[in-house]
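Engineer: input-v5.cif is reproduced in full below (mmCIF, N, CA and C atoms).
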data_input
loop_
_atom_site.label_atom_id
_atom_site.label_comp_id
_atom_site.auth_asym_id
_atom_site.auth_seq_id
_atom_site.Cartn_x
_atom_site.Cartn_y
_atom_site.Cartn_z
N MET A 1 -66.83 -49.61 205.14
CA MET A 1 -65.79 -50.49 204.66
C MET A 1 -64.44 -49.86 205.01
N THR A 2 -63.59 -50.63 205.62
CA THR A 2 -62.25 -50.15 205.97
C THR A 2 -61.30 -50.42 204.80
N GLY A 3 -60.10 -49.87 204.90
CA GLY A 3 -59.10 -50.10 203.88
C GLY A 3 -58.76 -51.58 203.75
N ASN A 4 -58.64 -52.26 204.90
CA ASN A 4 -58.33 -53.69 204.85
C ASN A 4 -59.46 -54.49 204.22
N GLU A 5 -60.71 -54.12 204.50
CA GLU A 5 -61.85 -54.80 203.89
C GLU A 5 -61.86 -54.58 202.39
N LEU A 6 -61.52 -53.38 201.95
CA LEU A 6 -61.43 -53.08 200.52
C LEU A 6 -60.36 -53.94 199.86
N ILE A 7 -59.21 -54.03 200.50
CA ILE A 7 -58.11 -54.83 199.95
C ILE A 7 -58.50 -56.30 199.88
N GLU A 8 -59.16 -56.83 200.92
CA GLU A 8 -59.59 -58.22 200.91
C GLU A 8 -60.60 -58.49 199.80
N LYS A 9 -61.56 -57.57 199.62
CA LYS A 9 -62.57 -57.75 198.57
C LYS A 9 -61.93 -57.72 197.19
N LEU A 10 -61.07 -56.74 196.94
CA LEU A 10 -60.42 -56.66 195.63
C LEU A 10 -59.52 -57.86 195.38
N SER A 11 -58.84 -58.31 196.42
CA SER A 11 -57.97 -59.48 196.29
C SER A 11 -58.79 -60.70 195.87
N ALA A 12 -59.94 -60.90 196.52
CA ALA A 12 -60.80 -62.04 196.17
C ALA A 12 -61.40 -61.88 194.77
N ASP A 13 -61.87 -60.66 194.45
CA ASP A 13 -62.50 -60.42 193.15
C ASP A 13 -61.52 -60.56 191.98
N LEU A 14 -60.28 -60.11 192.19
CA LEU A 14 -59.30 -60.07 191.11
C LEU A 14 -58.35 -61.27 191.09
N GLY A 15 -58.39 -62.08 192.14
CA GLY A 15 -57.50 -63.23 192.20
C GLY A 15 -56.05 -62.82 192.35
N MET A 16 -55.80 -61.73 193.05
CA MET A 16 -54.44 -61.24 193.29
C MET A 16 -54.13 -61.37 194.77
N THR A 17 -52.84 -61.30 195.10
CA THR A 17 -52.46 -61.36 196.51
C THR A 17 -52.84 -60.06 197.19
N LYS A 18 -53.09 -60.14 198.50
CA LYS A 18 -53.42 -58.94 199.27
C LYS A 18 -52.28 -57.94 199.22
N LYS A 19 -51.05 -58.43 199.22
CA LYS A 19 -49.88 -57.55 199.17
C LYS A 19 -49.87 -56.72 197.88
N ASP A 20 -50.14 -57.38 196.75
CA ASP A 20 -50.16 -56.67 195.46
C ASP A 20 -51.31 -55.67 195.40
N VAL A 21 -52.48 -56.09 195.89
CA VAL A 21 -53.65 -55.19 195.88
C VAL A 21 -53.40 -54.00 196.79
N LYS A 22 -52.79 -54.23 197.96
CA LYS A 22 -52.49 -53.13 198.88
C LYS A 22 -51.56 -52.13 198.22
N ALA A 23 -50.55 -52.61 197.50
CA ALA A 23 -49.62 -51.71 196.80
C ALA A 23 -50.36 -50.86 195.76
N ILE A 24 -51.29 -51.47 195.05
CA ILE A 24 -52.06 -50.74 194.04
C ILE A 24 -52.97 -49.70 194.70
N VAL A 25 -53.71 -50.11 195.73
CA VAL A 25 -54.63 -49.20 196.42
C VAL A 25 -53.85 -48.03 197.04
N ASP A 26 -52.74 -48.34 197.71
CA ASP A 26 -51.92 -47.28 198.29
C ASP A 26 -51.39 -46.35 197.21
N GLY A 27 -51.01 -46.90 196.06
CA GLY A 27 -50.52 -46.09 194.96
C GLY A 27 -51.58 -45.15 194.41
N VAL A 28 -52.81 -45.65 194.31
CA VAL A 28 -53.92 -44.81 193.81
C VAL A 28 -54.15 -43.63 194.76
N PHE A 29 -54.23 -43.94 196.07
CA PHE A 29 -54.50 -42.86 197.02
C PHE A 29 -53.33 -41.88 197.12
N THR A 30 -52.11 -42.38 196.98
CA THR A 30 -50.94 -41.49 196.98
C THR A 30 -50.98 -40.56 195.76
N ALA A 31 -51.32 -41.12 194.61
CA ALA A 31 -51.41 -40.30 193.39
C ALA A 31 -52.50 -39.24 193.51
N ILE A 32 -53.64 -39.61 194.08
CA ILE A 32 -54.72 -38.63 194.28
C ILE A 32 -54.26 -37.54 195.23
N GLY A 33 -53.63 -37.92 196.34
CA GLY A 33 -53.13 -36.94 197.31
C GLY A 33 -52.07 -36.02 196.72
N ASP A 34 -51.16 -36.59 195.94
CA ASP A 34 -50.10 -35.77 195.32
C ASP A 34 -50.68 -34.78 194.33
N ALA A 35 -51.64 -35.23 193.52
CA ALA A 35 -52.26 -34.33 192.54
C ALA A 35 -53.04 -33.23 193.25
N ALA A 36 -53.75 -33.59 194.32
CA ALA A 36 -54.52 -32.59 195.07
C ALA A 36 -53.58 -31.58 195.73
N ALA A 37 -52.44 -32.04 196.23
CA ALA A 37 -51.48 -31.14 196.87
C ALA A 37 -50.94 -30.11 195.88
N LYS A 38 -50.91 -30.48 194.59
CA LYS A 38 -50.47 -29.54 193.55
C LYS A 38 -51.61 -28.64 193.09
N GLY A 39 -52.83 -28.91 193.56
CA GLY A 39 -53.98 -28.11 193.16
C GLY A 39 -54.70 -28.64 191.94
N ASP A 40 -54.33 -29.84 191.49
CA ASP A 40 -54.97 -30.43 190.31
C ASP A 40 -56.32 -31.03 190.67
N GLU A 41 -57.19 -31.09 189.68
CA GLU A 41 -58.46 -31.79 189.83
C GLU A 41 -58.25 -33.23 189.39
N ILE A 42 -58.83 -34.17 190.11
CA ILE A 42 -58.70 -35.58 189.79
C ILE A 42 -60.07 -36.09 189.38
N ALA A 43 -60.22 -36.47 188.12
CA ALA A 43 -61.51 -36.94 187.61
C ALA A 43 -61.40 -38.43 187.31
N ILE A 44 -62.28 -39.21 187.91
CA ILE A 44 -62.31 -40.65 187.68
C ILE A 44 -63.64 -40.96 187.01
N ASN A 45 -63.57 -41.37 185.76
CA ASN A 45 -64.76 -41.60 184.95
C ASN A 45 -65.70 -42.58 185.62
N GLY A 46 -66.96 -42.20 185.74
CA GLY A 46 -67.98 -43.05 186.33
C GLY A 46 -68.00 -43.02 187.85
N PHE A 47 -67.05 -42.34 188.48
CA PHE A 47 -66.99 -42.28 189.94
C PHE A 47 -67.18 -40.86 190.44
N GLY A 48 -66.35 -39.93 189.97
CA GLY A 48 -66.50 -38.54 190.38
C GLY A 48 -65.22 -37.75 190.27
N LYS A 49 -65.24 -36.55 190.84
CA LYS A 49 -64.10 -35.63 190.77
C LYS A 49 -63.70 -35.19 192.17
N PHE A 50 -62.40 -35.20 192.40
CA PHE A 50 -61.83 -34.63 193.61
C PHE A 50 -61.24 -33.28 193.21
N SER A 51 -61.51 -32.25 193.98
CA SER A 51 -60.93 -30.94 193.68
C SER A 51 -60.57 -30.23 194.98
N VAL A 52 -59.58 -29.36 194.87
CA VAL A 52 -59.10 -28.61 196.03
C VAL A 52 -59.92 -27.33 196.13
N LYS A 53 -60.37 -27.05 197.35
CA LYS A 53 -61.12 -25.82 197.60
C LYS A 53 -60.36 -25.01 198.64
N ARG A 54 -60.26 -23.73 198.41
CA ARG A 54 -59.55 -22.83 199.32
C ARG A 54 -60.56 -22.18 200.25
N THR A 55 -60.32 -22.27 201.55
CA THR A 55 -61.17 -21.54 202.50
C THR A 55 -60.37 -20.34 202.98
N PRO A 56 -60.91 -19.15 202.89
CA PRO A 56 -60.17 -17.96 203.29
C PRO A 56 -60.07 -17.85 204.82
N ALA A 57 -59.14 -17.03 205.26
CA ALA A 57 -59.04 -16.74 206.69
C ALA A 57 -60.33 -16.04 207.13
N ARG A 58 -60.73 -16.29 208.36
CA ARG A 58 -61.96 -15.66 208.83
C ARG A 58 -61.89 -15.48 210.34
N ASP A 59 -62.75 -14.64 210.84
CA ASP A 59 -62.81 -14.40 212.28
C ASP A 59 -63.70 -15.45 212.92
N GLY A 60 -63.31 -15.86 214.11
CA GLY A 60 -64.09 -16.84 214.86
C GLY A 60 -63.94 -16.57 216.34
N ARG A 61 -64.42 -17.48 217.15
CA ARG A 61 -64.31 -17.35 218.61
C ARG A 61 -63.75 -18.64 219.18
N ASN A 62 -62.89 -18.49 220.18
CA ASN A 62 -62.37 -19.64 220.91
C ASN A 62 -63.54 -20.24 221.69
N PRO A 63 -63.86 -21.52 221.47
CA PRO A 63 -65.04 -22.09 222.14
C PRO A 63 -64.89 -22.16 223.66
N ARG A 64 -63.68 -22.23 224.17
CA ARG A 64 -63.49 -22.31 225.63
C ARG A 64 -63.62 -20.96 226.30
N THR A 65 -62.98 -19.95 225.70
CA THR A 65 -62.92 -18.65 226.37
C THR A 65 -63.88 -17.63 225.77
N GLY A 66 -64.32 -17.87 224.55
CA GLY A 66 -65.19 -16.91 223.89
C GLY A 66 -64.42 -15.74 223.28
N GLU A 67 -63.08 -15.76 223.40
CA GLU A 67 -62.27 -14.67 222.85
C GLU A 67 -62.27 -14.72 221.33
N PRO A 68 -62.26 -13.56 220.69
CA PRO A 68 -62.15 -13.54 219.23
C PRO A 68 -60.78 -14.08 218.79
N MET A 69 -60.78 -14.76 217.65
CA MET A 69 -59.53 -15.26 217.09
C MET A 69 -59.66 -15.33 215.59
N THR A 70 -58.53 -15.43 214.92
CA THR A 70 -58.53 -15.56 213.47
C THR A 70 -58.30 -17.02 213.11
N ILE A 71 -59.18 -17.57 212.30
CA ILE A 71 -59.03 -18.93 211.80
C ILE A 71 -58.26 -18.83 210.49
N LYS A 72 -57.15 -19.55 210.42
CA LYS A 72 -56.25 -19.46 209.26
C LYS A 72 -56.91 -19.95 207.98
N ALA A 73 -56.46 -19.42 206.86
CA ALA A 73 -56.89 -19.91 205.56
C ALA A 73 -56.37 -21.33 205.40
N ALA A 74 -57.11 -22.15 204.67
CA ALA A 74 -56.70 -23.54 204.49
C ALA A 74 -57.22 -24.09 203.17
N ASN A 75 -56.63 -25.18 202.75
CA ASN A 75 -57.12 -25.91 201.59
C ASN A 75 -57.84 -27.15 202.10
N LYS A 76 -58.90 -27.52 201.40
CA LYS A 76 -59.58 -28.77 201.72
C LYS A 76 -59.94 -29.45 200.41
N ILE A 77 -60.18 -30.73 200.49
CA ILE A 77 -60.52 -31.47 199.27
C ILE A 77 -62.02 -31.72 199.24
N GLY A 78 -62.59 -31.53 198.09
CA GLY A 78 -64.01 -31.78 197.90
C GLY A 78 -64.20 -32.91 196.91
N PHE A 79 -65.35 -33.53 196.97
CA PHE A 79 -65.67 -34.63 196.06
C PHE A 79 -67.05 -34.40 195.47
N ARG A 80 -67.14 -34.52 194.15
CA ARG A 80 -68.43 -34.45 193.47
C ARG A 80 -68.65 -35.76 192.75
N PRO A 81 -69.65 -36.53 193.16
CA PRO A 81 -69.87 -37.83 192.52
C PRO A 81 -70.36 -37.68 191.09
N ALA A 82 -69.99 -38.65 190.26
CA ALA A 82 -70.46 -38.69 188.87
C ALA A 82 -71.92 -39.13 188.86
N LYS A 83 -72.59 -38.84 187.77
CA LYS A 83 -74.00 -39.20 187.64
C LYS A 83 -74.18 -40.71 187.80
N ALA A 84 -73.29 -41.50 187.25
CA ALA A 84 -73.40 -42.96 187.35
C ALA A 84 -73.37 -43.41 188.81
N LEU A 85 -72.53 -42.81 189.62
CA LEU A 85 -72.45 -43.16 191.04
C LEU A 85 -73.70 -42.71 191.78
N LYS A 86 -74.17 -41.51 191.48
CA LYS A 86 -75.40 -41.03 192.11
C LYS A 86 -76.58 -41.93 191.77
N ASP A 87 -76.66 -42.36 190.51
CA ASP A 87 -77.74 -43.25 190.09
C ASP A 87 -77.65 -44.59 190.83
N LYS A 88 -76.45 -45.11 190.99
CA LYS A 88 -76.26 -46.38 191.69
C LYS A 88 -76.68 -46.26 193.14
N LEU A 89 -76.35 -45.15 193.77
CA LEU A 89 -76.73 -44.92 195.17
C LEU A 89 -78.23 -44.84 195.34
N ASN A 90 -78.91 -44.37 194.33
CA ASN A 90 -80.35 -44.18 194.40
C ASN A 90 -81.15 -45.30 193.74
N GLY A 91 -80.48 -46.42 193.44
CA GLY A 91 -81.16 -47.59 192.90
C GLY A 91 -81.63 -47.45 191.47
N ARG A 92 -81.06 -46.54 190.74
CA ARG A 92 -81.43 -46.38 189.33
C ARG A 92 -80.38 -47.06 188.47
N SER A 93 -80.79 -47.68 187.41
CA SER A 93 -79.82 -48.29 186.50
C SER A 93 -79.31 -47.22 185.55
N ALA A 94 -78.06 -47.39 185.15
CA ALA A 94 -77.41 -46.38 184.29
C ALA A 94 -77.83 -46.50 182.86
#
Could you spell out this file's structure in structure tokens?

Structural biologist:
Amino acid sequence: MTGNELIEKLSADLGMTKKDVKAIVDGVFTAIGDAAAKGDEIAINGFGKFSVKRTPARDGRNPRTGEPMTIKAANKIGFRPAKALKDKLNGRSA
């Protein structure tokens, strides 16, 4: 499902304009991104948790030349689904 497909579905389900739904969806994702950038955990009841994970710097190899190189430390976002979502994915009723 693409972002536009999500907006169209929500617009039809909620009886709202696509413009209003797009503003809401964009706002939700912006809020999640902003909270993650601050290092906060984002918990959405019945859906799951987004959390920031730190990957340390490490040694690696350049795939083209085979030369050793250092891969910089970075932050990445992780997602852990809630039990209700896992049950839905596996065809179990909550």

Engineer: Here's a test: counting all atoms listed in the file, identify every protein, DNA and RNA residue with an atom at most 8 Å from (-65.2, -27.3, 196.6) in the file's coordinate frame, and state them as number ranges by chain.

Structural biologist: A: 50-54, 76-80

Engineer: Can you tell me how far atom N of Ile32 of chain A sits from atom N of Lys88 of chain A, in Å to one decimal?

Structural biologist: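 Between atom N of Ile32 of chain A and atom N of Lys88 of chain A the gap works out to 23.7 Å.
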
Engineer: Convert the output of the PyMOL selection byres (((chain A and resi 20-28 and name CA) around 9) and name CA) on the shown file into explicit residues, formatted as a PyMOL selection string.

Structural biologist: chain A and resi 3-4+6-8+10-11+14+16-19+29-33

Engineer: Can you work out the spacing between atom C of Thr55 of chain A and atom CA of Asn75 of chain A in Å, to one decimal?

Structural biologist: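 Going from atom C of Thr55 of chain A over to atom CA of Asn75 of chain A, I get 6.6 Å.
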
Engineer: Just how far from atom CA of Ile71 of chain A is atom N of Asp59 of chain A, in Å to one decimal?

Structural biologist: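 Interatomic distance, atom N of Asp59 of chain A to atom CA of Ile71 of chain A: 5.8 Å.
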
Engineer: Show me, as a PyMOL selection string, the residues that have an atom within 6.5 Å of Gly46 of chain A when counting only N, CA and C atoms, minus same-chain residues fewer than 3 positions from it.

Structural biologist: chain A and resi 82-85

Engineer: Give me every alpha helix (DSSP H) residue in segment 8-80 of chain A, going by DSSP on the backbone, as a list in words.

Structural biologist: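 Alpha helix (DSSP H) members of segment 8-80 of chain A, listed: Glu8, Lys9, Leu10, Ser11, Ala12, Asp13, Leu14, Lys18, Lys19, Asp20, Val21, Lys22, Ala23, Ile24, Val25, Asp26, Gly27, Val28, Phe29, Thr30, Ala31, Ile32, Gly33, Asp34, Ala35, Ala36 and Ala37 of chain A.
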
Engineer: If you run DSSP over the backbone, which residues in segment 40-90 of chain A end up strand (DSSP E)? Put them as JSON, numbers by chain.

Structural biologist: {"A": [42, 43, 44, 48, 49, 50, 51, 52, 53, 54, 55, 58, 59, 60, 61, 68, 69, 70, 71, 74, 75, 76, 77, 78, 79, 80, 81]}
